[in-house]
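Chemist: Just one file: query.csv, with CSV, C-alpha atoms.
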```csv
chain,number,residue,atom,x,y,z
A,19,MET,CA,67.3,100.0,-13.0
A,20,ARG,CA,63.6,99.7,-13.2
A,21,ALA,CA,62.4,97.1,-15.7
A,22,ARG,CA,60.7,98.4,-18.8
A,23,SER,CA,57.3,96.8,-19.4
A,24,VAL,CA,56.7,95.4,-22.9
A,25,VAL,CA,53.2,94.3,-23.7
A,26,VAL,CA,52.8,92.2,-26.9
A,27,VAL,CA,49.2,92.1,-28.2
A,28,LEU,CA,47.9,88.7,-29.3
A,29,TYR,CA,44.9,87.9,-31.4
A,30,ASP,CA,43.7,85.1,-33.6
A,31,ASP,CA,45.6,84.7,-36.9
A,32,VAL,CA,48.5,86.8,-35.6
A,33,GLN,CA,51.8,86.2,-37.4
A,34,SER,CA,53.8,84.0,-34.9
A,35,LEU,CA,57.2,85.3,-36.0
A,36,ASP,CA,56.0,88.9,-35.5
A,37,VAL,CA,55.5,87.9,-31.9
A,38,THR,CA,58.4,85.6,-31.1
A,39,GLY,CA,61.1,87.5,-33.0
A,40,PRO,CA,60.9,90.7,-30.9
A,41,LEU,CA,60.1,88.7,-27.8
A,42,GLU,CA,63.4,86.8,-28.1
A,43,VAL,CA,65.3,90.1,-28.5
A,44,PHE,CA,63.7,91.7,-25.4
A,45,ALA,CA,64.0,88.4,-23.4
A,46,GLY,CA,67.8,88.3,-24.1
A,47,ALA,CA,68.4,92.0,-23.6
A,48,GLY,CA,68.7,91.8,-19.8
A,49,ALA,CA,71.6,89.3,-19.8
A,50,ALA,CA,73.3,91.1,-22.7
A,51,ALA,CA,73.1,94.4,-20.9
A,52,GLY,CA,74.3,92.9,-17.6
A,53,GLN,CA,70.9,93.8,-16.1
A,54,PRO,CA,68.7,90.7,-15.7
A,55,GLY,CA,65.1,91.8,-15.9
A,56,ALA,CA,65.8,94.8,-18.0
A,57,TYR,CA,62.5,94.1,-19.7
A,58,ARG,CA,59.3,92.6,-18.3
A,59,VAL,CA,57.6,91.1,-21.3
A,60,THR,CA,53.9,90.3,-21.1
A,61,THR,CA,51.8,88.7,-23.9
A,62,ALA,CA,48.1,89.6,-23.6
A,63,SER,CA,44.9,88.8,-25.5
A,64,ALA,CA,41.2,89.7,-25.1
A,65,GLY,CA,40.1,87.9,-22.0
A,66,GLY,CA,43.5,86.2,-21.7
A,67,ARG,CA,42.3,83.5,-24.0
A,68,PRO,CA,44.6,81.3,-26.1
A,69,VAL,CA,45.0,82.4,-29.7
A,70,ARG,CA,45.9,80.5,-32.8
A,71,SER,CA,48.5,82.1,-35.1
A,72,SER,CA,48.2,82.2,-38.9
A,73,SER,CA,50.5,79.2,-39.1
A,74,GLY,CA,48.4,77.2,-36.7
A,75,LEU,CA,50.7,77.6,-33.7
A,76,ARG,CA,48.7,78.0,-30.5
A,77,LEU,CA,49.8,80.8,-28.2
A,78,LEU,CA,48.9,81.0,-24.5
A,79,PRO,CA,48.9,84.6,-23.3
A,80,ASP,CA,50.2,85.7,-19.9
A,81,ALA,CA,47.4,88.1,-19.2
A,82,ASP,CA,44.0,89.7,-20.2
A,83,LEU,CA,44.6,92.7,-22.4
A,84,ALA,CA,41.9,94.6,-20.5
A,85,GLU,CA,44.0,94.3,-17.3
A,86,VAL,CA,47.6,95.0,-18.3
A,87,GLY,CA,49.4,98.2,-17.5
A,88,PRO,CA,51.3,100.4,-17.1
A,89,VAL,CA,53.0,99.9,-20.4
A,90,HIS,CA,56.4,101.2,-21.4
A,91,THR,CA,56.5,99.6,-24.9
A,92,LEU,CA,53.3,98.5,-26.6
A,93,LEU,CA,54.0,96.0,-29.5
A,94,VAL,CA,51.4,95.2,-32.0
A,95,PRO,CA,52.3,92.3,-34.4
A,96,GLY,CA,50.8,91.8,-37.8
A,97,GLY,CA,48.1,89.3,-38.7
A,98,VAL,CA,46.2,87.8,-41.6
A,99,ASP,CA,42.9,89.6,-41.2
A,100,PHE,CA,44.2,93.1,-41.0
A,101,GLU,CA,41.5,94.5,-43.3
A,102,HIS,CA,38.7,93.7,-40.8
A,103,PRO,CA,40.2,94.4,-37.3
A,104,ASP,CA,38.1,93.8,-34.2
A,105,GLY,CA,36.8,97.1,-33.0
A,106,ALA,CA,37.2,96.3,-29.3
A,107,LEU,CA,40.8,95.3,-29.9
A,108,VAL,CA,41.5,98.5,-31.7
A,109,ALA,CA,39.9,100.5,-28.9
A,110,ARG,CA,42.1,98.8,-26.3
A,111,ILE,CA,45.2,99.4,-28.3
A,112,ARG,CA,44.3,103.1,-28.4
A,113,GLU,CA,43.8,103.2,-24.7
A,114,LEU,CA,47.1,101.4,-23.9
A,115,ALA,CA,49.0,103.5,-26.5
A,116,ASP,CA,47.8,106.7,-24.9
A,117,ARG,CA,49.7,105.8,-21.7
A,118,ALA,CA,52.7,104.0,-23.3
A,119,GLU,CA,56.1,105.6,-23.8
A,120,ARG,CA,56.6,103.7,-27.1
A,121,VAL,CA,54.2,102.2,-29.5
A,122,VAL,CA,55.6,99.6,-32.0
A,123,SER,CA,54.1,97.6,-34.8
A,124,VAL,CA,55.5,94.8,-36.9
A,125,CYS,CA,54.3,94.1,-40.5
A,126,THR,CA,50.5,94.6,-40.9
A,127,GLY,CA,50.2,95.6,-37.2
A,128,ALA,CA,50.6,99.1,-38.7
A,129,PHE,CA,46.9,98.7,-39.9
A,130,LEU,CA,45.8,98.3,-36.3
A,131,LEU,CA,47.8,101.4,-35.3
A,132,ALA,CA,46.3,103.3,-38.1
A,133,GLU,CA,42.7,102.2,-37.3
A,134,ALA,CA,43.4,103.4,-33.7
A,135,GLY,CA,44.4,106.8,-35.1
A,136,LEU,CA,48.0,106.4,-33.9
A,137,LEU,CA,49.6,107.0,-37.3
A,138,SER,CA,47.7,110.0,-38.3
A,139,GLY,CA,50.1,112.7,-39.6
A,140,ARG,CA,53.0,110.3,-39.0
A,141,ARG,CA,55.5,108.6,-41.3
A,142,ALA,CA,55.2,104.8,-41.2
A,143,THR,CA,55.9,101.6,-43.1
A,144,THR,CA,54.6,98.0,-43.2
A,145,HIS,CA,55.3,95.0,-45.3
A,146,TRP,CA,56.1,96.1,-48.8
A,147,ALA,CA,53.2,94.2,-50.3
A,148,TYR,CA,50.7,96.1,-48.3
A,149,CYS,CA,52.2,99.6,-48.3
A,150,GLY,CA,49.9,100.7,-51.2
A,151,GLU,CA,46.8,99.4,-49.3
A,152,LEU,CA,47.9,101.2,-46.1
A,153,ALA,CA,48.3,104.5,-48.0
A,154,ARG,CA,45.0,104.1,-49.8
A,155,ARG,CA,43.0,103.3,-46.7
A,156,PHE,CA,44.7,105.9,-44.5
A,157,PRO,CA,45.6,108.9,-46.7
A,158,ASP,CA,46.7,110.9,-43.6
A,159,VAL,CA,49.6,108.5,-43.0
A,160,ALA,CA,52.9,109.2,-44.9
A,161,VAL,CA,53.6,105.6,-46.0
A,162,ASP,CA,57.2,104.9,-46.9
A,163,PRO,CA,57.4,101.5,-48.7
A,164,ASP,CA,61.2,101.2,-48.7
A,165,PRO,CA,62.6,101.2,-45.1
A,166,ILE,CA,62.9,98.2,-42.8
A,167,HIS,CA,61.6,100.3,-39.9
A,168,VAL,CA,60.5,103.9,-39.4
A,169,ARG,CA,60.5,105.9,-36.1
A,170,ASP,CA,58.3,109.0,-35.9
A,171,GLY,CA,58.3,110.3,-32.4
A,172,ARG,CA,57.2,107.7,-29.9
A,173,VAL,CA,55.7,105.5,-32.6
A,174,ALA,CA,57.8,103.0,-34.6
A,175,THR,CA,56.6,100.8,-37.4
A,176,SER,CA,58.4,98.0,-39.2
A,177,ALA,CA,58.3,95.9,-42.4
A,178,GLY,CA,57.4,92.3,-42.7
A,179,VAL,CA,58.2,89.5,-40.3
A,180,THR,CA,62.0,89.5,-39.5
A,181,ALA,CA,62.1,93.3,-39.7
A,182,GLY,CA,60.4,93.2,-36.2
A,183,ILE,CA,63.7,91.7,-35.0
A,184,ASP,CA,65.6,94.6,-36.5
A,185,LEU,CA,63.3,97.1,-34.9
A,186,ALA,CA,63.5,95.4,-31.5
A,187,LEU,CA,67.3,95.4,-31.7
A,188,ALA,CA,67.2,99.1,-32.5
A,189,LEU,CA,65.1,99.7,-29.4
A,190,VAL,CA,67.5,97.7,-27.2
A,191,GLU,CA,70.4,99.7,-28.6
A,192,GLU,CA,68.5,102.9,-27.7
A,193,ASP,CA,67.8,101.7,-24.2
A,194,HIS,CA,71.1,99.9,-23.3
A,195,GLY,CA,73.7,100.7,-25.9
A,196,ARG,CA,75.2,99.1,-29.0
A,197,ASP,CA,77.2,96.4,-27.2
A,198,ALA,CA,74.1,94.9,-25.7
A,199,ALA,CA,72.2,94.9,-29.0
A,200,LEU,CA,75.2,93.5,-30.8
A,201,LEU,CA,75.5,90.6,-28.3
A,202,ILE,CA,71.8,89.7,-28.8
A,203,ALA,CA,72.2,90.0,-32.6
A,204,ARG,CA,75.2,87.6,-32.5
A,205,HIS,CA,73.2,85.1,-30.3
A,206,LEU,CA,70.3,85.2,-32.7
A,207,VAL,CA,72.7,85.0,-35.7
A,208,VAL,CA,71.4,88.1,-37.3
A,209,PHE,CA,73.1,91.3,-38.4
A,210,LEU,CA,73.1,94.4,-36.3
A,211,ARG,CA,73.5,97.0,-39.0
A,212,ARG,CA,70.2,98.6,-39.9
A,213,PRO,CA,69.1,102.0,-38.5
A,214,GLY,CA,66.0,101.4,-40.5
A,215,ASN,CA,66.5,102.8,-43.9
A,216,GLN,CA,67.9,99.7,-45.4
A,217,ALA,CA,65.7,98.6,-48.4
A,218,GLN,CA,63.1,96.0,-47.6
A,219,PHE,CA,63.9,93.8,-50.5
A,220,SER,CA,66.5,93.3,-53.2
A,221,THR,CA,66.3,94.5,-56.8
A,222,GLN,CA,65.7,90.9,-57.9
A,223,LEU,CA,62.8,90.5,-55.4
A,224,ALA,CA,61.3,93.9,-56.2
A,225,ALA,CA,61.2,93.2,-60.0
A,226,GLN,CA,59.1,90.7,-61.8
A,227,VAL,CA,60.6,87.5,-63.1
A,228,ALA,CA,60.4,87.5,-66.9
A,229,ALA,CA,58.0,85.0,-68.4
A,230,ARG,CA,60.4,84.0,-71.3
A,231,GLN,CA,63.4,81.8,-70.5
A,232,PRO,CA,66.0,83.8,-72.4
A,233,LEU,CA,65.0,87.0,-70.4
A,234,ARG,CA,65.1,85.1,-67.1
A,235,GLU,CA,68.6,83.9,-68.0
A,236,VAL,CA,69.6,87.5,-68.7
A,237,GLN,CA,68.3,88.5,-65.3
A,238,GLN,CA,70.4,85.8,-63.7
A,239,TRP,CA,73.4,86.8,-65.7
A,240,ILE,CA,73.1,90.4,-64.6
A,241,ALA,CA,72.9,89.4,-60.9
A,242,GLU,CA,76.0,87.1,-61.2
A,243,HIS,CA,78.1,89.5,-63.3
A,244,PRO,CA,77.5,93.1,-62.2
A,245,GLY,CA,80.9,94.2,-63.5
A,246,ALA,CA,80.4,92.8,-67.0
A,247,ASP,CA,79.3,94.7,-70.1
A,248,LEU,CA,75.6,95.0,-69.4
A,249,SER,CA,74.7,97.3,-72.2
A,250,VAL,CA,71.4,96.7,-74.0
A,251,GLU,CA,73.3,95.6,-77.1
A,252,GLU,CA,75.2,92.9,-75.1
A,253,LEU,CA,72.2,91.7,-73.1
A,254,ALA,CA,70.1,91.6,-76.4
A,255,ARG,CA,72.9,89.5,-78.0
A,256,ARG,CA,72.7,87.0,-75.0
A,257,SER,CA,68.9,86.7,-75.4
A,258,ALA,CA,69.1,86.3,-79.2
A,259,LEU,CA,66.9,89.4,-79.7
A,260,SER,CA,67.5,92.7,-81.5
A,261,PRO,CA,68.3,95.5,-79.0
A,262,ARG,CA,65.0,97.2,-79.7
A,263,HIS,CA,62.9,94.1,-79.3
A,264,PHE,CA,64.9,93.1,-76.2
A,265,ALA,CA,64.5,96.5,-74.5
A,266,ARG,CA,60.8,96.5,-75.1
A,267,ALA,CA,60.2,92.8,-74.0
A,268,PHE,CA,62.4,93.2,-70.9
A,269,ALA,CA,60.5,96.3,-69.7
A,270,ALA,CA,57.1,94.6,-70.4
A,271,GLU,CA,58.0,91.4,-68.6
A,272,VAL,CA,60.2,92.7,-65.7
A,273,GLY,CA,58.5,95.9,-65.1
A,274,VAL,CA,61.5,98.2,-65.4
A,275,THR,CA,63.9,99.1,-68.2
A,276,PRO,CA,67.1,97.1,-68.6
A,277,GLY,CA,69.1,100.2,-67.6
A,278,ARG,CA,67.2,100.7,-64.4
A,279,TYR,CA,67.4,97.0,-63.6
A,280,VAL,CA,71.2,97.0,-64.1
A,281,ASP,CA,71.6,100.1,-62.0
A,282,GLY,CA,69.7,98.5,-59.1
A,283,VAL,CA,71.7,95.2,-59.3
A,284,ARG,CA,75.0,97.1,-59.4
A,285,LEU,CA,74.0,99.3,-56.4
A,286,GLU,CA,72.9,96.3,-54.4
A,287,ALA,CA,76.1,94.4,-55.2
A,288,ALA,CA,78.2,97.4,-54.1
A,289,ARG,CA,76.2,97.8,-50.9
A,290,ARG,CA,76.8,94.1,-50.0
A,291,LEU,CA,80.5,94.5,-50.6
A,292,LEU,CA,80.7,97.7,-48.5
A,293,GLU,CA,78.7,96.0,-45.7
A,294,ASP,CA,80.5,92.6,-45.6
A,295,THR,CA,84.0,92.9,-47.0
A,296,ASP,CA,87.3,94.8,-46.5
A,297,ASP,CA,87.5,95.7,-50.2
A,298,GLY,CA,88.3,99.4,-50.9
A,299,VAL,CA,85.9,101.6,-52.7
A,300,GLU,CA,88.0,101.7,-55.9
A,301,ALA,CA,88.0,97.9,-56.1
A,302,ILE,CA,84.3,97.7,-55.4
A,303,ALA,CA,83.5,100.3,-58.0
A,304,ARG,CA,85.4,98.3,-60.6
A,305,SER,CA,83.9,94.9,-59.7
A,306,CYS,CA,80.4,96.3,-59.7
A,307,GLY,CA,80.7,97.9,-63.1
A,308,TYR,CA,80.9,101.5,-62.1
A,309,GLY,CA,84.3,102.1,-63.8
A,310,THR,CA,85.3,104.8,-61.4
A,311,PRO,CA,84.8,105.5,-57.7
A,312,GLU,CA,83.2,108.9,-58.6
A,313,ALA,CA,80.6,107.2,-60.7
A,314,MET,CA,79.8,104.9,-57.8
A,315,ARG,CA,79.7,107.8,-55.3
A,316,ARG,CA,77.2,109.6,-57.5
A,317,ALA,CA,75.0,106.5,-57.6
A,318,PHE,CA,75.0,106.2,-53.9
A,319,VAL,CA,74.3,109.8,-53.2
A,320,ARG,CA,71.5,109.8,-55.7
A,321,THR,CA,69.9,106.6,-54.4
A,322,VAL,CA,70.7,106.1,-50.7
A,323,ALA,CA,71.6,109.8,-49.9
A,324,ALA,CA,75.1,108.8,-48.6
A,325,PRO,CA,78.5,108.4,-50.2
A,326,PRO,CA,80.1,104.9,-50.0
A,327,ALA,CA,82.3,105.6,-47.0
A,328,GLU,CA,79.4,106.9,-45.0
A,329,TYR,CA,77.2,104.0,-46.1
A,330,ARG,CA,79.9,101.6,-44.9
A,331,ARG,CA,80.3,103.3,-41.6
A,332,ARG,CA,76.5,103.1,-40.9
A,333,PHE,CA,75.7,99.7,-42.2
A,334,ARG,CA,78.9,97.6,-41.8
A,335,SER,CA,78.2,94.1,-40.6
A,336,ARG,CA,81.2,94.1,-38.4
A,337,PRO,CA,81.1,97.3,-36.4
A,338,ASP,CA,84.1,96.6,-34.3
A,339,GLY,CA,87.1,98.7,-35.3
A,340,PRO,CA,87.6,101.3,-38.0
A,341,PRO,CA,86.0,101.0,-41.4
A,342,ALA,CA,87.7,98.5,-43.6
A,343,GLY,CA,90.5,99.9,-45.6
A,344,GLY,CA,91.0,103.0,-43.5
A,345,PRO,CA,90.7,106.4,-45.1
A,346,GLN,CA,89.4,106.2,-48.7
A,347,PRO,CA,90.3,109.2,-50.7
A,348,ASP,CA,89.4,107.4,-53.9
A,349,GLY,CA,85.8,108.5,-54.0
A,350,GLY,CA,84.6,107.0,-50.8
A,351,HIS,CA,83.8,110.4,-49.2
```
Could you write out this structure as structure tokens?

Modeler:
Amino acid sequence: MRARSVVVVLYDDVQSLDVTGPLEVFAGAGAAAGQPGAYRVTTASAGGRPVRSSSGLRLLPDADLAEVGPVHTLLVPGGVDFEHPDGALVARIRELADRAERVVSVCTGAFLLAEAGLLSGRRATTHWAYCGELARRFPDVAVDPDPIHVRDGRVATSAGVTAGIDLALALVEEDHGRDAALLIARHLVVFLRRPGNQAQFSTQLAAQVAARQPLREVQQWIAEHPGADLSVEELARRSALSPRHFARAFAAEVGVTPGRYVDGVRLEAARRLLEDTDDGVEAIARSCGYGTPEAMRRAFVRTVAAPPAEYRRRFRSRPDGPPAGGPQPDGGH
């Protein structure tokens, strides 16, 4: 089988893990697929000059960016100075992309693709902290802040840093099958379970941390006890505030209402249990505070557009064998 050419664009202040994460995946793919040399990975910079990453790591490219080609997969990592991209670099990315079969970005590399006009009219993502800026600067791009990675035709974009590994694994799976991708994932000690629409960050990371200690303690209690009584009245009692004062203070300091925060934590807890345990849907619903499997099913369909059993099938950490617990008539479908 002919090797697929992967060109990784290097430039000063590039995020080193955006480069090395996907590179490790592609480098290991040949052995995993039983096809040494399945990918021919080339790092390239303007003039072939060494670059210094944002963390200070010095990277020595394989080639001059002006001389590489042909390209099967063009990979553009993110960097610190994405708001002021070099015009010549953007132009060369556009030229290479025009002839590439796949164009991929990691983190803020999406800004370089957008500057090159490669995301116009497409759905895309980037690091959650910069999705708003990407949408503001490029209104013709349909920016989705939630997924780990997004594929729109031959262009794929991914969220911050380690999401580049998830996307590279998805591309290897597309090229060489799930077994090869799973073998690489195991070698790198990462999960192979994300078609892309996993959330970029947890409820706790997405929300603000309350300024007042009693409210911070309530946030921690919610995370550790999703199956407990998490009504406003009970949470207010724990924080030594009246229910009305608690609800108002929590929303002001955390950025969401107590009810919405609790919903997010419970859904996240249920997702983890579906992904990582053999527990049945009924037991998970009970332990996460849903009360009934049907209540949990409604929450999943409303939030992740899939019932629990389907979610488990798609995102299970251990894909070998049938879904844990076998058929789940208790609300899993």

Chemist: Which of these, A:Arg141, A:Arg289, A:Arg76, A:Arg230, has the shortest distance to Pro325 of chain A once you count all atoms listed in the file?

Modeler: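 Closest to Pro325 of chain A, using all atoms listed in the file: A:Arg289.
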
Chemist: Would you mind reading off the distance between atom CA of Glu192 of chain A and atom CA of Thr180 of chain A, one decimal, in Å?

Modeler: 19.0 Å

Chemist: Could you give me, as a VMD selection string, the residues within 10 Å of segment 58-65 of chain A, counting only C-alpha atoms and dropping anything in the same chain fewer than 2 positions from it?

Modeler: chain A and resid 20 to 30 37 41 to 42 44 to 45 48 54 to 56 67 to 69 77 to 87 89 to 93 106 to 107 110

Chemist: Can I get the selected residues back with C-alpha atoms, as a short mmCIF file (atom, residue, chain, number, x, y, z; two decimals), in the coordinates of the input?

Modeler:
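The file below, part-v8.cif, is the result:
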```cif
data_model
loop_
_atom_site.label_atom_id
_atom_site.label_comp_id
_atom_site.auth_asym_id
_atom_site.auth_seq_id
_atom_site.Cartn_x
_atom_site.Cartn_y
_atom_site.Cartn_z
CA ARG A 20 63.60 99.70 -13.20
CA ALA A 21 62.40 97.10 -15.70
CA ARG A 22 60.70 98.40 -18.80
CA SER A 23 57.30 96.80 -19.40
CA VAL A 24 56.70 95.40 -22.90
CA VAL A 25 53.20 94.30 -23.70
CA VAL A 26 52.80 92.20 -26.90
CA VAL A 27 49.20 92.10 -28.20
CA LEU A 28 47.90 88.70 -29.30
CA TYR A 29 44.90 87.90 -31.40
CA ASP A 30 43.70 85.10 -33.60
CA VAL A 37 55.50 87.90 -31.90
CA LEU A 41 60.10 88.70 -27.80
CA GLU A 42 63.40 86.80 -28.10
CA PHE A 44 63.70 91.70 -25.40
CA ALA A 45 64.00 88.40 -23.40
CA GLY A 48 68.70 91.80 -19.80
CA PRO A 54 68.70 90.70 -15.70
CA GLY A 55 65.10 91.80 -15.90
CA ALA A 56 65.80 94.80 -18.00
CA ARG A 67 42.30 83.50 -24.00
CA PRO A 68 44.60 81.30 -26.10
CA VAL A 69 45.00 82.40 -29.70
CA LEU A 77 49.80 80.80 -28.20
CA LEU A 78 48.90 81.00 -24.50
CA PRO A 79 48.90 84.60 -23.30
CA ASP A 80 50.20 85.70 -19.90
CA ALA A 81 47.40 88.10 -19.20
CA ASP A 82 44.00 89.70 -20.20
CA LEU A 83 44.60 92.70 -22.40
CA ALA A 84 41.90 94.60 -20.50
CA GLU A 85 44.00 94.30 -17.30
CA VAL A 86 47.60 95.00 -18.30
CA GLY A 87 49.40 98.20 -17.50
CA VAL A 89 53.00 99.90 -20.40
CA HIS A 90 56.40 101.20 -21.40
CA THR A 91 56.50 99.60 -24.90
CA LEU A 92 53.30 98.50 -26.60
CA LEU A 93 54.00 96.00 -29.50
CA ALA A 106 37.20 96.30 -29.30
CA LEU A 107 40.80 95.30 -29.90
CA ARG A 110 42.10 98.80 -26.30
#
```

Chemist: Considering all atoms listed in the file, state which residue in the set A:Asp170, A:Glu312, A:Glu133, A:Glu251 is at the smallest distance from His102 of chain A.

Modeler: A:Glu133

Chemist: For the point (67.2, 87.6, -76.4) in file coordinates, what residues are within 10 Å, counting all atoms listed in the file? Give the answer as a PyMOL selection string?

Modeler: chain A and resi 230-236+252-261+263-265+267-268

Chemist: What is the atom CA of Val159 of chain A-atom CA of Phe129 of chain A distance in Å, reported with one decimal?

Modeler: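 Here the two named atoms are 10.6 Å from each other.
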
Chemist: Using all atoms listed in the file, which residue out of A:Gly66, A:Pro88, A:Pro165, A:Gly105 lies closest to Val322 of chain A?

Modeler: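 Comparing A:Gly66, A:Pro88, A:Pro165, A:Gly105 against Val322 of chain A, the winner is A:Pro165.
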